[in-house]
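**Q** The file below is work.cif, mmCIF, C-alpha atoms:
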```
data_input
#
loop_
_atom_site.label_atom_id
_atom_site.label_comp_id
_atom_site.auth_asym_id
_atom_site.auth_seq_id
_atom_site.Cartn_x
_atom_site.Cartn_y
_atom_site.Cartn_z
CA MET A 41 0.00 0.00 0.00
CA PRO A 42 1.58 3.36 -0.99
CA LEU A 43 2.33 5.88 1.72
CA HIS A 44 -0.01 8.81 2.14
CA PRO A 45 1.68 12.01 0.85
CA ILE A 46 1.98 13.43 4.38
CA TYR A 47 4.35 10.57 5.29
CA GLN A 48 6.37 11.18 2.15
CA VAL A 49 6.78 14.84 3.14
CA ILE A 50 7.77 13.93 6.71
CA PHE A 51 10.38 11.41 5.58
CA ALA A 52 11.84 13.66 2.85
CA ARG A 53 12.02 16.97 4.78
CA ARG A 54 15.60 18.15 5.34
CA ASP A 55 17.55 20.85 7.16
CA VAL A 56 18.84 22.90 4.22
CA ARG A 57 22.05 24.97 4.19
CA HIS A 58 22.67 25.54 0.47
CA PHE A 59 20.21 27.91 -1.23
CA LYS A 60 19.62 29.31 -4.69
CA ALA A 61 19.27 33.07 -5.08
CA ASP A 62 15.75 32.77 -6.54
CA PRO A 63 13.22 34.84 -4.56
CA VAL A 64 10.38 33.15 -2.72
CA PRO A 65 7.04 34.39 -4.11
CA GLY A 66 4.88 36.29 -1.66
CA GLY A 67 2.00 33.85 -2.04
CA VAL A 68 4.23 30.91 -1.17
CA LEU A 69 5.57 32.66 1.94
CA TYR A 70 2.03 33.52 3.01
CA ARG A 71 0.98 29.86 2.71
CA LEU A 72 3.95 28.74 4.80
CA LEU A 73 3.09 31.22 7.54
CA LEU A 74 -0.58 30.24 7.35
CA ALA A 75 0.39 26.60 7.84
CA ALA A 76 2.49 27.61 10.85
CA HIS A 77 -0.39 29.66 12.26
CA TYR A 78 -2.68 26.62 12.07
CA ALA A 79 -0.44 24.59 14.38
CA PRO A 80 -1.89 23.25 17.63
CA SER A 81 -1.28 25.35 20.73
CA VAL A 82 -2.05 24.65 24.37
CA GLY A 83 -5.07 26.67 25.50
CA PHE A 84 -5.35 27.97 21.92
CA MET A 85 -2.70 30.44 23.02
CA GLN A 86 -1.16 30.92 19.54
CA PRO A 87 1.96 32.42 21.14
CA TRP A 88 3.95 32.85 17.91
CA ASN A 89 5.05 35.85 15.89
CA PHE A 90 7.11 35.84 12.69
CA ILE A 91 9.83 38.36 11.85
CA ILE A 92 10.63 38.26 8.13
CA VAL A 93 14.21 39.37 7.51
CA ARG A 94 15.25 40.46 4.01
CA ASP A 95 17.48 43.47 4.80
CA PRO A 96 21.13 42.62 3.92
CA ALA A 97 22.35 44.75 6.83
CA VAL A 98 20.31 42.77 9.34
CA LYS A 99 21.43 39.49 7.75
CA ALA A 100 25.04 40.65 8.05
CA GLN A 101 24.59 41.25 11.77
CA MET A 102 23.07 37.79 12.15
CA LYS A 103 25.95 36.25 10.19
CA GLN A 104 28.46 37.90 12.52
CA ALA A 105 26.53 36.67 15.58
CA PHE A 106 26.69 33.16 14.12
CA ILE A 107 30.44 33.39 13.45
CA GLU A 108 31.13 34.48 17.02
CA GLU A 109 29.07 31.68 18.54
CA ASN A 110 30.30 29.07 16.06
CA THR A 111 33.89 29.84 17.03
CA ARG A 112 33.02 29.11 20.64
CA ALA A 113 31.05 25.98 19.77
CA ALA A 114 33.92 24.56 17.68
CA GLY A 115 36.10 24.56 20.80
CA HIS A 116 34.08 21.63 22.18
CA TYR A 117 35.45 19.28 19.51
CA HIS A 118 38.95 17.96 18.93
CA GLY A 119 40.88 15.80 16.48
CA GLN A 120 38.89 14.22 13.67
CA ARG A 121 35.63 15.38 15.23
CA ARG A 122 36.85 18.99 15.03
CA LEU A 123 37.94 18.54 11.42
CA MET A 124 34.49 17.19 10.56
CA TYR A 125 32.80 20.03 12.45
CA ASP A 126 34.84 22.64 10.58
CA SER A 127 33.90 21.04 7.25
CA LEU A 128 30.16 21.37 7.87
CA LYS A 129 28.14 24.27 6.50
CA LEU A 130 25.85 25.11 9.40
CA GLU A 131 23.89 28.09 8.09
CA GLY A 132 22.76 29.89 4.95
CA ILE A 133 22.04 33.31 6.41
CA LEU A 134 23.38 35.42 3.56
CA GLU A 135 22.48 33.04 0.73
CA ALA A 136 18.84 32.41 1.64
CA PRO A 137 16.52 35.09 0.22
CA ILE A 138 14.48 35.06 3.43
CA ASN A 139 15.49 34.72 7.05
CA LEU A 140 12.63 34.14 9.47
CA CYS A 141 12.65 34.44 13.25
CA VAL A 142 9.82 32.60 15.03
CA THR A 143 9.14 33.93 18.51
CA CYS A 144 7.00 32.98 21.50
CA ASP A 145 5.10 35.64 23.43
CA ARG A 146 4.98 34.04 26.88
CA SER A 147 2.44 36.54 28.20
CA ARG A 148 -0.18 36.19 25.48
CA PHE A 149 -3.69 35.95 26.96
CA GLY A 150 -2.36 36.66 30.46
CA PRO A 151 -0.83 34.59 33.27
CA HIS A 152 -3.49 31.85 33.40
CA VAL A 153 -3.79 30.06 30.07
CA LEU A 154 -5.78 26.84 29.99
CA GLY A 155 -3.40 23.89 30.20
CA ARG A 156 -0.28 25.83 31.27
CA ASN A 157 -0.68 25.81 35.04
CA SER A 158 1.28 22.59 35.52
CA MET A 159 3.51 22.85 32.44
CA PRO A 160 4.15 26.52 31.63
CA GLU A 161 6.72 25.54 28.97
CA THR A 162 3.92 24.32 26.70
CA ASP A 163 3.86 27.76 25.06
CA LEU A 164 7.38 27.07 23.79
CA PHE A 165 6.38 23.55 22.74
CA SER A 166 3.41 24.99 20.85
CA THR A 167 5.70 27.37 18.99
CA CYS A 168 7.83 24.39 17.95
CA CYS A 169 4.68 22.82 16.49
CA ALA A 170 4.23 25.95 14.37
CA ILE A 171 7.83 25.66 13.16
CA GLN A 172 7.32 22.02 12.19
CA ASN A 173 4.11 22.90 10.32
CA LEU A 174 5.99 25.56 8.38
CA TRP A 175 8.87 23.18 7.63
CA LEU A 176 6.62 20.45 6.24
CA ALA A 177 4.59 22.92 4.20
CA ALA A 178 7.84 24.37 2.85
CA TYR A 179 8.98 20.98 1.57
CA ALA A 180 5.60 20.47 -0.10
CA GLU A 181 6.18 23.82 -1.88
CA GLY A 182 9.74 22.88 -2.92
CA ILE A 183 11.19 25.32 -0.39
CA GLY A 184 14.13 24.51 1.88
CA VAL A 185 14.39 25.53 5.54
CA GLY A 186 17.47 25.56 7.76
CA TRP A 187 17.39 26.17 11.52
CA VAL A 188 20.30 28.32 12.76
CA SER A 189 20.66 27.41 16.43
CA ILE A 190 24.31 28.46 16.80
CA VAL A 191 23.56 31.98 17.97
CA GLN A 192 22.99 33.47 21.40
CA PRO A 193 19.32 34.33 22.09
CA ASP A 194 20.25 37.68 23.60
CA ARG A 195 22.00 38.64 20.33
CA LEU A 196 18.82 37.73 18.47
CA GLN A 197 16.82 39.89 20.87
CA GLN A 198 19.20 42.80 20.34
CA ILE A 199 19.54 42.63 16.55
CA LEU A 200 15.82 42.11 15.88
CA ARG A 201 14.68 44.42 18.71
CA ILE A 202 12.51 41.73 20.27
CA PRO A 203 10.84 43.02 23.46
CA ASP A 204 11.25 41.49 26.90
CA GLY A 205 8.87 38.60 27.52
CA VAL A 206 9.02 37.49 23.90
CA VAL A 207 11.43 34.57 23.34
CA PRO A 208 13.16 33.91 20.01
CA VAL A 209 12.63 30.18 19.47
CA ALA A 210 14.01 29.67 15.96
CA TYR A 211 16.01 31.61 13.39
CA LEU A 212 15.32 30.00 10.01
CA CYS A 213 16.87 30.35 6.57
CA VAL A 214 14.21 29.95 3.88
CA GLY A 215 14.57 29.60 0.12
CA TYR A 216 14.78 27.27 -2.84
CA PRO A 217 17.44 24.65 -2.09
CA GLU A 218 20.25 23.59 -4.38
CA ALA A 219 19.06 20.05 -3.59
CA PHE A 220 17.18 17.99 -1.03
CA LEU A 221 19.62 15.35 0.22
CA PRO A 222 18.52 11.68 0.31
CA LYS A 223 19.28 11.59 4.05
CA PRO A 224 20.04 14.22 6.70
CA GLU A 225 23.52 15.60 6.07
CA LEU A 226 24.79 14.71 9.57
CA GLU A 227 23.75 11.13 8.93
CA LEU A 228 25.39 11.10 5.48
CA VAL A 229 28.76 12.37 6.73
CA GLY A 230 28.78 10.06 9.74
CA TRP A 231 28.33 12.65 12.48
CA ALA A 232 25.51 10.60 14.04
CA PRO A 233 23.38 7.60 13.02
CA ARG A 234 19.61 7.45 12.94
CA LEU A 235 18.54 5.59 16.07
CA ALA A 236 16.43 2.47 15.72
CA LEU A 237 12.79 3.26 16.55
CA GLY A 238 12.37 -0.04 18.37
CA ASP A 239 15.02 1.01 20.91
CA LEU A 240 13.06 4.15 21.77
CA ILE A 241 9.63 2.64 22.50
CA PHE A 242 8.72 1.30 25.94
CA ALA A 243 5.60 -0.44 27.25
CA ASP A 244 3.81 1.00 30.29
CA GLN A 245 7.04 1.92 32.11
CA TRP A 246 10.48 3.20 31.18
CA GLY A 247 12.79 0.47 29.95
CA ARG A 248 10.24 -2.22 29.18
CA PRO A 249 10.58 -3.39 25.54
CA CYS A 250 7.52 -2.89 23.39
CA PRO A 251 7.77 -4.82 20.10
CA LEU A 252 5.55 -3.43 17.37
CA SER A 253 4.66 -4.86 13.99
CA LYS A 254 5.49 -2.86 10.84
CA GLY A 255 2.45 -4.35 9.13
CA ALA A 256 -0.99 -2.85 8.75
#
```
Mind turning the file's structure into structure tokens?

**A**
Amino acid sequence: MPLHPIYQVIFARRDVRHFKADPVPGGVLYRLLLAAHYAPSVGFMQPWNFIIVRDPAVKAQMKQAFIEENTRAAGHYHGQRRLMYDSLKLEGILEAPINLCVTCDRSRFGPHVLGRNSMPETDLFSTCCAIQNLWLAAYAEGIGVGWVSIVQPDRLQQILRIPDGVVPVAYLCVGYPEAFLPKPELELVGWAPRLALGDLIFADQWGRPCPLSKGA
């Protein structure tokens, strides 16, 4: 039985670092943001905002913030691991026609949002759902997305003038990719393997094996 298209999109989505210069049409960008806005959110809080960055001067500041943080991050690796780290392209800030910062307004709808009393972090989790929606919709549109996590949040706040109480969750590079790789790049180069699903599923309590059939 063929896979439903949604599974095909999930399995083929990639973190993209190499972009073409072609602009992203306004209608396509609107659909991606609409898909993000239709993500689930705890208490229907919808805590997200989207900062669309096209200004080369702002991109240049973000690139510098990445370089500074990447230099620090590289210091955690040594020997062959360091050589592999240095060989990786970990952002496409200047190349991507659009940079997009997805934020979480932690005060939206006040201090008592349905479902957040016991787990207040669910506003951040909800914002991640919006990011995933956008990412899957982007692949369906032939658009690549790359998450730039090697940057200090306070630098993001400063450069993008994000107010206090609003948290930058993701800084994304968005554009038409040079290619979608057959597997995640970190898996292809041997940085890390894909874990076996069966090793990650437990039955009733942590650590109890839970064999599942791959059949219908």

**Q** Residues near range 229-232 of chain A, anyone? I mean within 10 Å using only C-alpha atoms, not counting same-chain ones fewer than 5 positions away, as a ChimeraX atom specification.

**A** /A:121,124-125,128,223-224

**Q** One decimal, Å: what's the distance from CA of Asp55 in chain A over to CA of Asp126 in chain A, could you say?

**A**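 Going from CA of Asp55 in chain A over to CA of Asp126 in chain A, I get 17.7 Å.
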
**Q** Kindly give the distance, in Å, that separates CA of Ala76 in chain A and CA of Ala61 in chain A, rounded to a single decimal.

**A**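 About the pair CA of Ala76 in chain A and CA of Ala61 in chain A: they are 23.8 Å apart.
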
**Q** For the structure shown, which residues end up in the PyMOL selection byres ((chain A and resi 43-54) around 10)? Put them as a PyMOL selection string, please?

**A** chain A and resi 41-42+55-57+172+175-180+182-186+219-225

**Q** For Ser166 in chain A, please output as an mmCIF file with C-alpha atoms, in the frame of the given file all residues within 7 Å (counting all atoms listed in the file; exclusion window: fewer than 3 positions along the same chain).

**A**
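Here's the written file out.cif:
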```
data_model
loop_
_atom_site.group_PDB
_atom_site.id
_atom_site.type_symbol
_atom_site.label_atom_id
_atom_site.label_comp_id
_atom_site.auth_asym_id
_atom_site.auth_seq_id
_atom_site.Cartn_x
_atom_site.Cartn_y
_atom_site.Cartn_z
ATOM 1 C CA PRO A 80 -1.890 23.250 17.630
ATOM 2 C CA SER A 81 -1.280 25.350 20.730
ATOM 3 C CA VAL A 82 -2.050 24.650 24.370
ATOM 4 C CA THR A 162 3.920 24.320 26.700
ATOM 5 C CA ASP A 163 3.860 27.760 25.060
ATOM 6 C CA CYS A 169 4.680 22.820 16.490
ATOM 7 C CA ALA A 170 4.230 25.950 14.370
#
```

**Q** Nearest to Met102 in chain A: which of A:Asn139, A:Gln245, A:Gln86, A:Ser253 is it, counting all atoms listed in the file?

**A**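 Looking only at the distances to Met102 in chain A, the closest residue turns out to be A:Asn139.
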
**Q** Could you list, as a list in words, every residue within 9 Å of range 196-198 of chain A, counting only C-alpha atoms and ignoring same-chain residues fewer than 4 positions away?

**A**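 Near range 196-198 of chain A, the qualifying residues are Met102, Ala105, Cys141, Val191, Gln192, Ile202, Pro203, Asp204, Val206, Val207, Pro208 and Tyr211 of chain A.
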
**Q** Keeping only C-alpha atoms, write the selected residues to a file as a PDB file, in the coordinates of the input.

**A**
```pdb
ATOM      1  CA  MET A 102      23.070  37.790  12.150  1.00  0.00           C
ATOM      2  CA  ALA A 105      26.530  36.670  15.580  1.00  0.00           C
ATOM      3  CA  CYS A 141      12.650  34.440  13.250  1.00  0.00           C
ATOM      4  CA  VAL A 191      23.560  31.980  17.970  1.00  0.00           C
ATOM      5  CA  GLN A 192      22.990  33.470  21.400  1.00  0.00           C
ATOM      6  CA  ILE A 202      12.510  41.730  20.270  1.00  0.00           C
ATOM      7  CA  PRO A 203      10.840  43.020  23.460  1.00  0.00           C
ATOM      8  CA  ASP A 204      11.250  41.490  26.900  1.00  0.00           C
ATOM      9  CA  VAL A 206       9.020  37.490  23.900  1.00  0.00           C
ATOM     10  CA  VAL A 207      11.430  34.570  23.340  1.00  0.00           C
ATOM     11  CA  PRO A 208      13.160  33.910  20.010  1.00  0.00           C
ATOM     12  CA  TYR A 211      16.010  31.610  13.390  1.00  0.00           C
TER      13      TYR A 211
END
```

**Q** Carefully work through the PyMOL selection byres ((chain A and resi 189) around 10) for this structure and note down the residues it includes, as a list in words.

**A** Phe106, Glu109, Asn110, Leu130, Glu131, Gly186, Trp187, Val188, Ile190, Val191, Gln192, Pro193, Val209, Ala210, Tyr211 and Leu212 of chain A

**Q** For a test of reading the model, state the distance in Å between CA of Leu134 in chain A and CA of Asn173 in chain A, rounded to one decimal.

**A** 24.0 Å

**Q** How would you write, as a list of chain:residue names, the residues chosen by the PyMOL selection byres ((chain A and resi 94) around 8) on this structure?

**A**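 Selected by the PyMOL selection byres ((chain A and resi 94) around 8) in this file: A:Ile92, A:Val93, A:Asp95, A:Pro96, A:Val98, A:Lys99, A:Pro137, A:Ile138, A:Asn139.
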
**Q** Name the closest residue to Gly155 in chain A among the candidates A:Asn89, A:Phe242, A:Phe84, A:His58; distances are taken between atoms, counting only C-alpha atoms.

**A**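 Nearest to Gly155 in chain A: A:Phe84.
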
**Q** May I ask which of the residues A:Leu74, A:Val68, A:Leu174, A:Ala100 is the closest one to Glu135 in chain A, counting only C-alpha atoms?

**A**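 Of A:Leu74, A:Val68, A:Leu174, A:Ala100, the one nearest Glu135 in chain A is A:Ala100, counting only C-alpha atoms.
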
**Q** Between A:Gly119, A:Gly83, A:Ile133, A:Glu227, single out the one closest to Pro151 in chain A, counting all atoms listed in the file.

**A**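 Looking at the shortest contact to Pro151 in chain A, the residue is A:Gly83.
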
**Q** With all atoms listed in the file as the basis for distance, which of A:Leu252, A:Cys168, A:Leu200, A:Leu154 is at the shortest distance from Leu140 in chain A?

**A**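 Of A:Leu252, A:Cys168, A:Leu200, A:Leu154, the one nearest Leu140 in chain A, counting all atoms listed in the file, is A:Leu200.
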
**Q** Let me make sure I understand: among A:Cys144, A:Ala243, A:Met85, A:Leu164, which one has the smallest atom-to-atom distance to Gly205 in chain A if we use all atoms listed in the file?

**A**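 Going through A:Cys144, A:Ala243, A:Met85, A:Leu164 one by one, the smallest distance to Gly205 in chain A is for A:Cys144.
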
**Q** To test the calculation: enclose all listed atoms of range 96-108 of chain A in a box whose edges run along x, y and z, add 5 Å on each side, then state centre and edge lengths in Å to one decimal, as AutoDock Vina command-line options.

**A**
```
--center_x 25.7 --center_y 39.0 --center_z 10.5 --size_x 20.8 --size_y 21.6 --size_z 23.1
```
